[in-house]
There are 2 protein chains.
Amino acid sequence: MRKEAEIFEEYLKTKKLNLTKERKAILNQVFATNGHLEADEIFLRLKKDKKDVSRATVYRTLGLLVDSGLVRKVYLGEDHIHYEHTHGHTHHDHLVCIKCGKVIEFSDKKIEKLQALVCQESGFKELSHTVQIFGYCKDCKE
Amino acid sequence: MRKEAEIFEEYLKTKKLNLTKERKAILNQVFATNGHLEADEIFLRLKKDKKDVSRATVYRTLGLLVDSGLVRKVYLGEDHIHYEHTHGHTHHDHLVCIKCGKVIEFSDKKIEKLQALVCQESGFKELSHTVQIFGYCKDCKE
DNA sequence: CCCTTTTTGAGATTTAGTCTCAATCTAAAC
DNA sequence: GTTTAGATTGAGACTAAATCTCAAAAAGGG
Ligand SMILES: [Mn+2]
Ligand SMILES: [Mn+2]
Ligand SMILES: [Zn+2]
Ligand SMILES: [Zn+2]
């Protein structure tokens with residue numbers, strides 16, 4: 001498994017961009033966190049760590065990380081986007097509890113295969129997908 | 001197939017709310033449109049039709065329509081929500097072309113069944129789900 | 001060192017959506 | 001038909017996510 005900083009730097013090079021200390025700090029913060037992060041959380045954590053970076057740079061860098069394929073956006077039914085790193089994880093999708101907010105990850109090869117089939121039938125070239133199932137988790141249903 | 005206004009009125013009654021002319025205008029606008037609407041589009045169309053309704057009322061009523069089950073929110077990868085009416089349609093999900101913006105609808109019973117199975121295994125009670133597949137449509141891929 | 005390009009941060013801006021509140025409407029009770 | 005409590009609305013203030021602007025700073029290649 002190659003290190004994510006290495007991959008990111010390589011990606012940046014192809015765009016003639018540099019891996020600055022700000023970008024590295026954001027990368028590290030994203031990969032230090034398991035689960036689903038919001039942009040502002042990254043901004044605030046870096047501030048606490050005295051690795052201050054502006055909000056603009058956080059958003060700009062998240063965009064680069066998504067483009068590089070190391071990170072993806074996740075829509076969890078809220079009014080803002082979450083991010084999760086994908087490097088070193090198998091692809092998965094989400095069950096979202098609308099009561100307690102818990103997010104359960106699942107992956108299902110069969111579903112993925114059928115989705116690929118749907119795309120094939122439409123002549124559609126898939127780049128990514130997201131599946132969200134909203135409802136009540138085990139603890140919240142009744 | 002029961003008329004949507006009837007269903008909406010019934011739903012409103014259970015909440016001790018009335019089907020006002022503003023709510024009716026919004027309902028009509030939503031059901032007059034096939035495809036995916038944004039809140040502001042509804043606001044502007046009503047303005048053009050001289051059936052002026054405030055933005056606040058549009059958002060408030062869309063919330064009621066979603067709660068009533070006649071309409072659902074659709075996330076298409078943009079920074080705002082789309083709405084589509086569900087009454088009289090079979091459930092479907094979406095392929096979204098990231099180049100031309102086209103949205104292709106699909107439905108697949110097998111996928112739905114497998115999703116239900118995933119929920120069952122997690123003890124999760126599904127209320128709704130959305131699947132979005134992003135990529136290039138037939139005309140845009142190459 | 002010079003020169004060009006990249007990068008950044010502060011803060012302004014945009015935009016979706018929500019909230020407030022006073023005025024108006026509704027409907028049921030009298 | 002009057003009264004009255006509750007529902008409804010619109011204008012515009014407000015919030016929050018995300019983007020944009022632009023001048024200053026940093027980096028990189030000679
Ligand atoms: Mn996840
Ligand atoms: Mn649709
Ligand atoms: Zn829960
Ligand atoms: Zn297309």
# chains A, B, ... in the order shown; residues from 1 in each chain; ligands from 1
>>> calpha_fit_and_write(fixed="chain A", moving="chain B", output="short mmCIF file (atom, residue, chain, number, x, y, z; two decimals) with N, CA and C atoms, in the first residue's frame")
data_model
loop_
_atom_site.label_atom_id
_atom_site.label_comp_id
_atom_site.auth_asym_id
_atom_site.auth_seq_id
_atom_site.Cartn_x
_atom_site.Cartn_y
_atom_site.Cartn_z
N MET B 1 0.81 -1.24 0.08
CA MET B 1 -0.02 -0.03 0.03
C MET B 1 0.84 1.23 0.04
N ARG B 2 0.77 2.00 -1.01
CA ARG B 2 1.57 3.23 -1.06
C ARG B 2 1.02 4.28 -0.12
N LYS B 3 1.92 5.10 0.37
CA LYS B 3 1.54 6.15 1.30
C LYS B 3 0.74 7.22 0.55
N GLU B 4 -0.27 7.76 1.22
CA GLU B 4 -1.17 8.69 0.54
C GLU B 4 -0.48 10.01 0.17
N ALA B 5 0.47 10.43 0.99
CA ALA B 5 1.16 11.69 0.69
C ALA B 5 1.91 11.57 -0.64
N GLU B 6 2.47 10.40 -0.81
CA GLU B 6 3.22 10.11 -2.04
C GLU B 6 2.31 10.20 -3.27
N ILE B 7 1.16 9.56 -3.13
CA ILE B 7 0.20 9.55 -4.23
C ILE B 7 -0.30 10.95 -4.52
N PHE B 8 -0.56 11.69 -3.45
CA PHE B 8 -1.07 13.05 -3.62
C PHE B 8 -0.03 13.92 -4.31
N GLU B 9 1.20 13.78 -3.88
CA GLU B 9 2.28 14.58 -4.47
C GLU B 9 2.41 14.28 -5.96
N GLU B 10 2.31 13.01 -6.26
CA GLU B 10 2.41 12.60 -7.66
C GLU B 10 1.28 13.21 -8.49
N TYR B 11 0.08 13.14 -7.93
CA TYR B 11 -1.07 13.74 -8.61
C TYR B 11 -0.86 15.23 -8.81
N LEU B 12 -0.37 15.90 -7.77
CA LEU B 12 -0.16 17.34 -7.85
C LEU B 12 0.85 17.67 -8.95
N LYS B 13 1.87 16.84 -9.03
CA LYS B 13 2.91 17.07 -10.04
C LYS B 13 2.32 17.09 -11.44
N THR B 14 1.41 16.17 -11.69
CA THR B 14 0.81 16.13 -13.03
C THR B 14 0.06 17.41 -13.35
N LYS B 15 -0.27 18.16 -12.30
CA LYS B 15 -0.97 19.44 -12.51
C LYS B 15 -0.03 20.61 -12.27
N LYS B 16 1.25 20.31 -12.14
CA LYS B 16 2.27 21.32 -11.86
C LYS B 16 1.96 22.10 -10.58
N LEU B 17 1.51 21.33 -9.58
CA LEU B 17 1.24 21.93 -8.27
C LEU B 17 2.16 21.27 -7.25
N ASN B 18 2.33 21.91 -6.11
CA ASN B 18 3.26 21.41 -5.10
C ASN B 18 2.54 20.93 -3.85
N LEU B 19 3.16 20.00 -3.17
CA LEU B 19 2.63 19.56 -1.89
C LEU B 19 3.15 20.49 -0.80
N THR B 20 2.42 21.56 -0.57
CA THR B 20 2.82 22.56 0.43
C THR B 20 2.53 22.06 1.84
N LYS B 21 3.02 22.79 2.82
CA LYS B 21 2.78 22.35 4.20
C LYS B 21 1.30 22.45 4.56
N GLU B 22 0.61 23.44 3.98
CA GLU B 22 -0.83 23.54 4.22
C GLU B 22 -1.57 22.33 3.66
N ARG B 23 -1.24 21.99 2.43
CA ARG B 23 -1.90 20.83 1.81
C ARG B 23 -1.58 19.55 2.57
N LYS B 24 -0.35 19.47 3.05
CA LYS B 24 0.05 18.28 3.80
C LYS B 24 -0.72 18.19 5.12
N ALA B 25 -0.89 19.35 5.76
CA ALA B 25 -1.61 19.36 7.04
C ALA B 25 -3.04 18.89 6.85
N ILE B 26 -3.65 19.34 5.76
CA ILE B 26 -5.04 18.94 5.49
C ILE B 26 -5.10 17.45 5.16
N LEU B 27 -4.21 17.03 4.31
CA LEU B 27 -4.14 15.60 3.99
C LEU B 27 -4.00 14.77 5.26
N ASN B 28 -3.10 15.16 6.14
CA ASN B 28 -2.88 14.41 7.37
C ASN B 28 -4.13 14.38 8.23
N GLN B 29 -4.76 15.52 8.33
CA GLN B 29 -5.97 15.59 9.15
C GLN B 29 -7.05 14.65 8.60
N VAL B 30 -7.21 14.65 7.28
CA VAL B 30 -8.23 13.80 6.68
C VAL B 30 -7.89 12.33 6.91
N PHE B 31 -6.65 11.97 6.79
CA PHE B 31 -6.29 10.56 6.93
C PHE B 31 -6.13 10.15 8.39
N ALA B 32 -6.05 11.13 9.28
CA ALA B 32 -6.00 10.81 10.70
C ALA B 32 -7.38 10.45 11.24
N THR B 33 -8.40 10.80 10.47
CA THR B 33 -9.78 10.62 10.93
C THR B 33 -10.43 9.46 10.21
N ASN B 34 -10.98 8.54 10.96
CA ASN B 34 -11.81 7.53 10.32
C ASN B 34 -13.24 8.01 10.38
N GLY B 35 -13.97 7.76 9.32
CA GLY B 35 -15.35 8.22 9.32
C GLY B 35 -15.52 9.43 8.45
N HIS B 36 -16.51 10.21 8.77
CA HIS B 36 -17.01 11.21 7.82
C HIS B 36 -16.80 12.60 8.37
N LEU B 37 -16.05 13.37 7.63
CA LEU B 37 -15.62 14.68 8.07
C LEU B 37 -16.31 15.77 7.29
N GLU B 38 -16.59 16.90 7.93
CA GLU B 38 -17.02 18.06 7.18
C GLU B 38 -15.86 19.05 7.08
N ALA B 39 -15.94 19.87 6.06
CA ALA B 39 -14.83 20.80 5.78
C ALA B 39 -14.50 21.65 7.00
N ASP B 40 -15.53 22.14 7.65
CA ASP B 40 -15.28 23.04 8.76
C ASP B 40 -14.61 22.34 9.94
N GLU B 41 -14.91 21.06 10.09
CA GLU B 41 -14.27 20.29 11.13
C GLU B 41 -12.75 20.26 10.92
N ILE B 42 -12.37 20.08 9.68
CA ILE B 42 -10.94 20.07 9.35
C ILE B 42 -10.33 21.42 9.68
N PHE B 43 -11.03 22.46 9.29
CA PHE B 43 -10.56 23.82 9.57
C PHE B 43 -10.35 24.02 11.06
N LEU B 44 -11.33 23.61 11.86
CA LEU B 44 -11.26 23.83 13.31
C LEU B 44 -10.19 22.96 13.98
N ARG B 45 -10.08 21.73 13.53
CA ARG B 45 -9.06 20.86 14.14
C ARG B 45 -7.66 21.37 13.86
N LEU B 46 -7.46 21.86 12.65
CA LEU B 46 -6.14 22.39 12.33
C LEU B 46 -5.86 23.63 13.16
N LYS B 47 -6.89 24.41 13.39
CA LYS B 47 -6.71 25.60 14.20
C LYS B 47 -6.29 25.20 15.62
N LYS B 48 -6.95 24.19 16.16
CA LYS B 48 -6.63 23.73 17.51
C LYS B 48 -5.20 23.19 17.57
N ASP B 49 -4.79 22.54 16.51
CA ASP B 49 -3.44 21.98 16.44
C ASP B 49 -2.39 23.04 16.14
N LYS B 50 -2.82 24.28 16.08
CA LYS B 50 -1.89 25.37 15.73
C LYS B 50 -1.26 25.18 14.34
N LYS B 51 -1.99 24.45 13.48
CA LYS B 51 -1.51 24.33 12.11
C LYS B 51 -2.48 25.11 11.21
N ASP B 52 -2.78 26.31 11.65
CA ASP B 52 -3.77 27.15 10.98
C ASP B 52 -3.67 27.14 9.46
N VAL B 53 -4.82 26.95 8.87
CA VAL B 53 -4.96 27.03 7.43
C VAL B 53 -6.28 27.72 7.18
N SER B 54 -6.36 28.54 6.15
CA SER B 54 -7.62 29.25 5.92
C SER B 54 -8.69 28.32 5.39
N ARG B 55 -9.94 28.75 5.59
CA ARG B 55 -11.06 27.96 5.05
C ARG B 55 -10.92 27.79 3.55
N ALA B 56 -10.53 28.84 2.87
CA ALA B 56 -10.40 28.76 1.41
C ALA B 56 -9.46 27.64 1.03
N THR B 57 -8.36 27.53 1.74
CA THR B 57 -7.39 26.49 1.42
C THR B 57 -7.92 25.11 1.75
N VAL B 58 -8.69 25.01 2.82
CA VAL B 58 -9.30 23.72 3.15
C VAL B 58 -10.18 23.26 2.00
N TYR B 59 -11.07 24.15 1.55
CA TYR B 59 -11.97 23.76 0.46
C TYR B 59 -11.19 23.48 -0.82
N ARG B 60 -10.21 24.33 -1.10
CA ARG B 60 -9.43 24.12 -2.31
C ARG B 60 -8.73 22.77 -2.28
N THR B 61 -8.15 22.45 -1.14
CA THR B 61 -7.40 21.20 -1.04
C THR B 61 -8.31 19.99 -1.06
N LEU B 62 -9.47 20.10 -0.42
CA LEU B 62 -10.41 18.99 -0.48
C LEU B 62 -10.79 18.70 -1.93
N GLY B 63 -10.96 19.75 -2.71
CA GLY B 63 -11.25 19.56 -4.13
C GLY B 63 -10.14 18.78 -4.81
N LEU B 64 -8.91 19.14 -4.50
CA LEU B 64 -7.77 18.43 -5.10
C LEU B 64 -7.73 16.98 -4.65
N LEU B 65 -8.01 16.76 -3.37
CA LEU B 65 -7.98 15.39 -2.85
C LEU B 65 -9.04 14.53 -3.51
N VAL B 66 -10.20 15.12 -3.75
CA VAL B 66 -11.26 14.38 -4.44
C VAL B 66 -10.82 14.07 -5.87
N ASP B 67 -10.30 15.08 -6.54
CA ASP B 67 -9.84 14.86 -7.92
C ASP B 67 -8.77 13.78 -7.99
N SER B 68 -7.93 13.75 -6.98
CA SER B 68 -6.82 12.78 -6.99
C SER B 68 -7.31 11.36 -6.74
N GLY B 69 -8.55 11.24 -6.25
CA GLY B 69 -9.10 9.91 -6.00
C GLY B 69 -8.82 9.40 -4.59
N LEU B 70 -8.14 10.18 -3.78
CA LEU B 70 -7.81 9.72 -2.42
C LEU B 70 -8.98 9.89 -1.46
N VAL B 71 -9.88 10.78 -1.82
CA VAL B 71 -10.97 11.16 -0.92
C VAL B 71 -12.25 11.21 -1.74
N ARG B 72 -13.36 10.93 -1.11
CA ARG B 72 -14.60 11.14 -1.86
C ARG B 72 -15.62 11.90 -1.02
N LYS B 73 -16.53 12.52 -1.74
CA LYS B 73 -17.62 13.23 -1.10
C LYS B 73 -18.70 12.23 -0.74
N VAL B 74 -19.36 12.47 0.38
CA VAL B 74 -20.44 11.61 0.82
C VAL B 74 -21.64 12.49 1.15
N TYR B 75 -22.78 12.11 0.60
CA TYR B 75 -24.01 12.84 0.89
C TYR B 75 -24.80 12.07 1.92
N LEU B 76 -25.00 12.64 3.08
CA LEU B 76 -25.67 11.92 4.17
C LEU B 76 -27.01 12.54 4.53
N GLY B 77 -27.62 13.23 3.58
CA GLY B 77 -28.94 13.79 3.81
C GLY B 77 -28.92 15.09 4.57
N GLU B 78 -27.74 15.60 4.87
CA GLU B 78 -27.66 16.89 5.55
C GLU B 78 -27.44 17.99 4.53
N ASP B 79 -27.35 19.21 5.04
CA ASP B 79 -27.26 20.33 4.12
C ASP B 79 -25.82 20.71 3.81
N HIS B 80 -24.92 19.80 4.05
CA HIS B 80 -23.54 20.04 3.65
C HIS B 80 -22.89 18.68 3.38
N ILE B 81 -21.77 18.75 2.69
CA ILE B 81 -21.12 17.54 2.22
C ILE B 81 -20.18 16.99 3.29
N HIS B 82 -20.08 15.69 3.36
CA HIS B 82 -19.05 15.05 4.16
C HIS B 82 -17.98 14.45 3.25
N TYR B 83 -16.83 14.25 3.84
CA TYR B 83 -15.71 13.67 3.10
C TYR B 83 -15.21 12.43 3.82
N GLU B 84 -14.76 11.47 3.08
CA GLU B 84 -14.09 10.33 3.70
C GLU B 84 -12.94 9.91 2.80
N HIS B 85 -11.85 9.44 3.44
CA HIS B 85 -10.73 9.00 2.60
C HIS B 85 -11.04 7.60 2.10
N THR B 86 -10.59 7.32 0.90
CA THR B 86 -10.90 6.05 0.26
C THR B 86 -9.66 5.18 0.12
N HIS B 87 -8.49 5.79 0.26
CA HIS B 87 -7.27 5.04 0.04
C HIS B 87 -7.10 4.00 1.15
N GLY B 88 -6.97 2.75 0.74
CA GLY B 88 -6.78 1.70 1.73
C GLY B 88 -8.08 1.16 2.30
N HIS B 89 -9.19 1.57 1.71
CA HIS B 89 -10.47 1.02 2.12
C HIS B 89 -11.15 0.39 0.92
N THR B 90 -11.93 -0.64 1.18
CA THR B 90 -12.75 -1.13 0.09
C THR B 90 -13.95 -0.21 -0.02
N HIS B 91 -14.48 -0.12 -1.23
CA HIS B 91 -15.64 0.73 -1.45
C HIS B 91 -16.82 0.27 -0.61
N HIS B 92 -17.59 1.24 -0.13
CA HIS B 92 -18.78 0.89 0.64
C HIS B 92 -19.82 1.99 0.48
N ASP B 93 -21.03 1.70 0.91
CA ASP B 93 -22.08 2.71 0.93
C ASP B 93 -22.68 2.80 2.32
N HIS B 94 -23.77 3.55 2.48
CA HIS B 94 -24.16 3.96 3.84
C HIS B 94 -25.63 3.76 4.17
N LEU B 95 -25.86 3.27 5.37
CA LEU B 95 -27.18 3.31 6.01
C LEU B 95 -27.14 4.48 7.00
N VAL B 96 -28.11 5.36 6.91
CA VAL B 96 -28.10 6.55 7.76
C VAL B 96 -29.33 6.54 8.66
N CYS B 97 -29.10 6.53 9.96
CA CYS B 97 -30.22 6.56 10.91
C CYS B 97 -30.70 8.00 11.05
N ILE B 98 -31.99 8.21 10.73
CA ILE B 98 -32.50 9.58 10.76
C ILE B 98 -32.87 10.00 12.18
N LYS B 99 -32.72 9.09 13.13
CA LYS B 99 -33.01 9.51 14.51
C LYS B 99 -31.72 9.86 15.25
N CYS B 100 -30.80 8.92 15.34
CA CYS B 100 -29.59 9.18 16.13
C CYS B 100 -28.42 9.64 15.26
N GLY B 101 -28.58 9.57 13.94
CA GLY B 101 -27.54 10.08 13.07
C GLY B 101 -26.44 9.09 12.77
N LYS B 102 -26.53 7.91 13.37
CA LYS B 102 -25.49 6.92 13.15
C LYS B 102 -25.39 6.57 11.66
N VAL B 103 -24.18 6.31 11.21
CA VAL B 103 -23.96 5.92 9.83
C VAL B 103 -23.32 4.54 9.81
N ILE B 104 -23.99 3.60 9.18
CA ILE B 104 -23.48 2.24 9.11
C ILE B 104 -22.99 1.98 7.70
N GLU B 105 -21.81 1.43 7.61
CA GLU B 105 -21.24 1.19 6.28
C GLU B 105 -21.54 -0.24 5.84
N PHE B 106 -21.78 -0.39 4.56
CA PHE B 106 -21.99 -1.75 4.04
C PHE B 106 -21.39 -1.83 2.65
N SER B 107 -21.06 -3.04 2.25
CA SER B 107 -20.66 -3.21 0.85
C SER B 107 -21.23 -4.52 0.35
N ASP B 108 -21.64 -4.51 -0.87
CA ASP B 108 -22.33 -5.64 -1.43
C ASP B 108 -21.94 -5.78 -2.89
N LYS B 109 -21.15 -6.79 -3.14
CA LYS B 109 -20.64 -7.02 -4.49
C LYS B 109 -21.76 -7.20 -5.50
N LYS B 110 -22.81 -7.89 -5.10
CA LYS B 110 -23.89 -8.17 -6.04
C LYS B 110 -24.59 -6.88 -6.47
N ILE B 111 -24.80 -6.01 -5.51
CA ILE B 111 -25.43 -4.73 -5.86
C ILE B 111 -24.56 -3.98 -6.85
N GLU B 112 -23.27 -3.95 -6.57
CA GLU B 112 -22.35 -3.23 -7.45
C GLU B 112 -22.40 -3.80 -8.87
N LYS B 113 -22.46 -5.10 -8.95
CA LYS B 113 -22.49 -5.74 -10.27
C LYS B 113 -23.75 -5.36 -11.03
N LEU B 114 -24.87 -5.36 -10.30
CA LEU B 114 -26.13 -5.02 -10.95
C LEU B 114 -26.14 -3.56 -11.39
N GLN B 115 -25.52 -2.72 -10.61
CA GLN B 115 -25.40 -1.31 -10.99
C GLN B 115 -24.60 -1.18 -12.28
N ALA B 116 -23.52 -1.94 -12.35
CA ALA B 116 -22.68 -1.89 -13.55
C ALA B 116 -23.50 -2.33 -14.77
N LEU B 117 -24.36 -3.31 -14.54
CA LEU B 117 -25.21 -3.81 -15.62
C LEU B 117 -26.18 -2.74 -16.09
N VAL B 118 -26.77 -2.04 -15.12
CA VAL B 118 -27.69 -0.95 -15.46
C VAL B 118 -26.98 0.08 -16.34
N CYS B 119 -25.76 0.42 -15.95
CA CYS B 119 -24.99 1.39 -16.72
C CYS B 119 -24.75 0.88 -18.13
N GLN B 120 -24.35 -0.35 -18.20
CA GLN B 120 -24.06 -0.95 -19.51
C GLN B 120 -25.26 -0.86 -20.43
N GLU B 121 -26.42 -1.17 -19.87
CA GLU B 121 -27.65 -1.15 -20.67
C GLU B 121 -28.00 0.24 -21.19
N SER B 122 -27.57 1.26 -20.45
CA SER B 122 -27.85 2.62 -20.88
C SER B 122 -26.70 3.23 -21.66
N GLY B 123 -25.65 2.47 -21.86
CA GLY B 123 -24.47 3.03 -22.52
C GLY B 123 -23.83 4.12 -21.68
N PHE B 124 -23.93 3.97 -20.37
CA PHE B 124 -23.46 4.98 -19.44
C PHE B 124 -22.11 4.56 -18.87
N LYS B 125 -21.15 5.47 -18.86
CA LYS B 125 -19.84 5.14 -18.31
C LYS B 125 -19.74 5.65 -16.88
N GLU B 126 -19.83 4.74 -15.94
CA GLU B 126 -19.83 5.13 -14.52
C GLU B 126 -18.46 5.57 -14.06
N LEU B 127 -18.43 6.67 -13.32
CA LEU B 127 -17.21 7.10 -12.66
C LEU B 127 -17.28 6.85 -11.16
N SER B 128 -18.45 7.06 -10.60
CA SER B 128 -18.61 6.84 -9.16
C SER B 128 -20.09 6.68 -8.86
N HIS B 129 -20.37 6.23 -7.68
CA HIS B 129 -21.77 6.19 -7.28
C HIS B 129 -21.86 6.29 -5.77
N THR B 130 -23.04 6.67 -5.31
CA THR B 130 -23.30 6.66 -3.87
C THR B 130 -24.70 6.11 -3.65
N VAL B 131 -24.80 5.31 -2.63
CA VAL B 131 -26.08 4.74 -2.23
C VAL B 131 -26.31 5.14 -0.78
N GLN B 132 -27.45 5.74 -0.50
CA GLN B 132 -27.79 6.04 0.89
C GLN B 132 -29.14 5.44 1.20
N ILE B 133 -29.18 4.73 2.28
CA ILE B 133 -30.45 4.18 2.74
C ILE B 133 -30.78 4.87 4.05
N PHE B 134 -31.90 5.55 4.08
CA PHE B 134 -32.31 6.29 5.27
C PHE B 134 -33.36 5.51 6.04
N GLY B 135 -33.27 5.55 7.36
CA GLY B 135 -34.26 4.84 8.17
C GLY B 135 -33.84 4.83 9.62
N TYR B 136 -34.27 3.80 10.34
CA TYR B 136 -33.94 3.70 11.76
C TYR B 136 -33.00 2.55 12.02
N CYS B 137 -31.97 2.82 12.77
CA CYS B 137 -31.02 1.77 13.12
C CYS B 137 -31.61 0.84 14.16
N LYS B 138 -30.92 -0.24 14.38
CA LYS B 138 -31.39 -1.27 15.32
C LYS B 138 -31.85 -0.66 16.65
N ASP B 139 -31.06 0.29 17.16
CA ASP B 139 -31.36 0.85 18.48
C ASP B 139 -32.50 1.86 18.45
N CYS B 140 -32.80 2.38 17.28
CA CYS B 140 -33.78 3.47 17.22
C CYS B 140 -35.13 3.04 16.67
N LYS B 141 -35.23 1.85 16.15
CA LYS B 141 -36.52 1.47 15.56
C LYS B 141 -37.45 0.94 16.65
N GLU B 142 -38.60 1.46 16.74
CA GLU B 142 -39.80 0.98 17.46
C GLU B 142 -40.76 2.12 17.75
#
>>> interface_residues(of="chain C", to="chain B", cutoff="12 Å", atoms="only C-alpha atoms (C1' of nucleotides)", output="PyMOL selection string")
chain C and resi 15-20+25-27
>>> interface_residues(of="chain D", to="chain B", cutoff="8 Å", atoms="only C-alpha atoms (C1' of nucleotides)", output="PyMOL selection string")
chain D and resi 7+9-10
>>> select_by_dssp(residues="chain B", states="strand (DSSP E or B)", output="VMD selection string")
chain B and resid 37 to 38 71 to 74 82 to 85 93 to 97 103 to 106 125 to 136
>>> select_by_dssp(residues="chain A", states="helix (DSSP H, G or I)", output="CSV table (one decimal) with C-alpha atoms, in the first residue's frame")
chain,number,residue,atom,x,y,z
A,4,GLU,CA,-1.2,8.7,0.5
A,5,ALA,CA,1.1,11.7,0.6
A,6,GLU,CA,3.2,10.1,-2.1
A,7,ILE,CA,0.2,9.6,-4.3
A,8,PHE,CA,-1.1,13.1,-3.6
A,9,GLU,CA,2.2,14.6,-4.5
A,10,GLU,CA,2.4,12.6,-7.7
A,11,TYR,CA,-1.1,13.8,-8.6
A,12,LEU,CA,-0.2,17.4,-7.9
A,13,LYS,CA,2.9,17.1,-10.1
A,14,THR,CA,0.8,16.2,-13.0
A,21,LYS,CA,2.8,22.4,4.2
A,22,GLU,CA,-0.9,23.6,4.2
A,23,ARG,CA,-1.9,20.8,1.8
A,24,LYS,CA,0.0,18.3,3.8
A,25,ALA,CA,-1.6,19.4,7.0
A,26,ILE,CA,-5.0,18.9,5.5
A,27,LEU,CA,-4.1,15.6,4.0
A,28,ASN,CA,-2.9,14.4,7.4
A,29,GLN,CA,-5.9,15.6,9.1
A,30,VAL,CA,-8.2,13.8,6.7
A,31,PHE,CA,-6.3,10.6,6.9
A,32,ALA,CA,-6.0,10.8,10.7
A,39,ALA,CA,-14.8,20.8,5.8
A,40,ASP,CA,-15.2,23.0,8.8
A,41,GLU,CA,-14.2,20.3,11.2
A,42,ILE,CA,-10.9,20.0,9.4
A,43,PHE,CA,-10.5,23.8,9.6
A,44,LEU,CA,-11.2,23.8,13.3
A,45,ARG,CA,-9.0,20.8,14.1
A,46,LEU,CA,-6.1,22.4,12.3
A,47,LYS,CA,-6.7,25.6,14.2
A,48,LYS,CA,-6.5,23.7,17.5
A,55,ARG,CA,-11.1,28.0,5.1
A,56,ALA,CA,-10.5,28.8,1.4
A,57,THR,CA,-7.4,26.5,1.4
A,58,VAL,CA,-9.3,23.7,3.2
A,59,TYR,CA,-12.0,23.7,0.5
A,60,ARG,CA,-9.5,24.1,-2.3
A,61,THR,CA,-7.4,21.2,-1.0
A,62,LEU,CA,-10.4,19.0,-0.5
A,63,GLY,CA,-11.3,19.5,-4.1
A,64,LEU,CA,-7.8,18.4,-5.1
A,65,LEU,CA,-8.0,15.4,-2.8
A,66,VAL,CA,-11.3,14.4,-4.4
A,67,ASP,CA,-9.9,14.8,-7.9
A,68,SER,CA,-6.9,12.8,-7.0
A,109,LYS,CA,-20.7,-7.1,-4.5
A,110,LYS,CA,-23.9,-8.2,-6.0
A,111,ILE,CA,-25.4,-4.7,-5.9
A,112,GLU,CA,-22.4,-3.3,-7.4
A,113,LYS,CA,-22.5,-5.8,-10.2
A,114,LEU,CA,-26.1,-5.0,-11.0
A,115,GLN,CA,-25.4,-1.3,-11.0
A,116,ALA,CA,-22.7,-1.9,-13.5
A,117,LEU,CA,-25.2,-3.8,-15.6
A,118,VAL,CA,-27.7,-1.0,-15.5
A,119,CYS,CA,-25.0,1.4,-16.7
A,120,GLN,CA,-24.0,-1.0,-19.5
A,121,GLU,CA,-27.6,-1.2,-20.7
A,122,SER,CA,-27.8,2.6,-20.9
>>> atom_distance(atom1="C1' of DT7 (chain C)", atom2="C1' of DA24 (chain D)")
10.5 Å
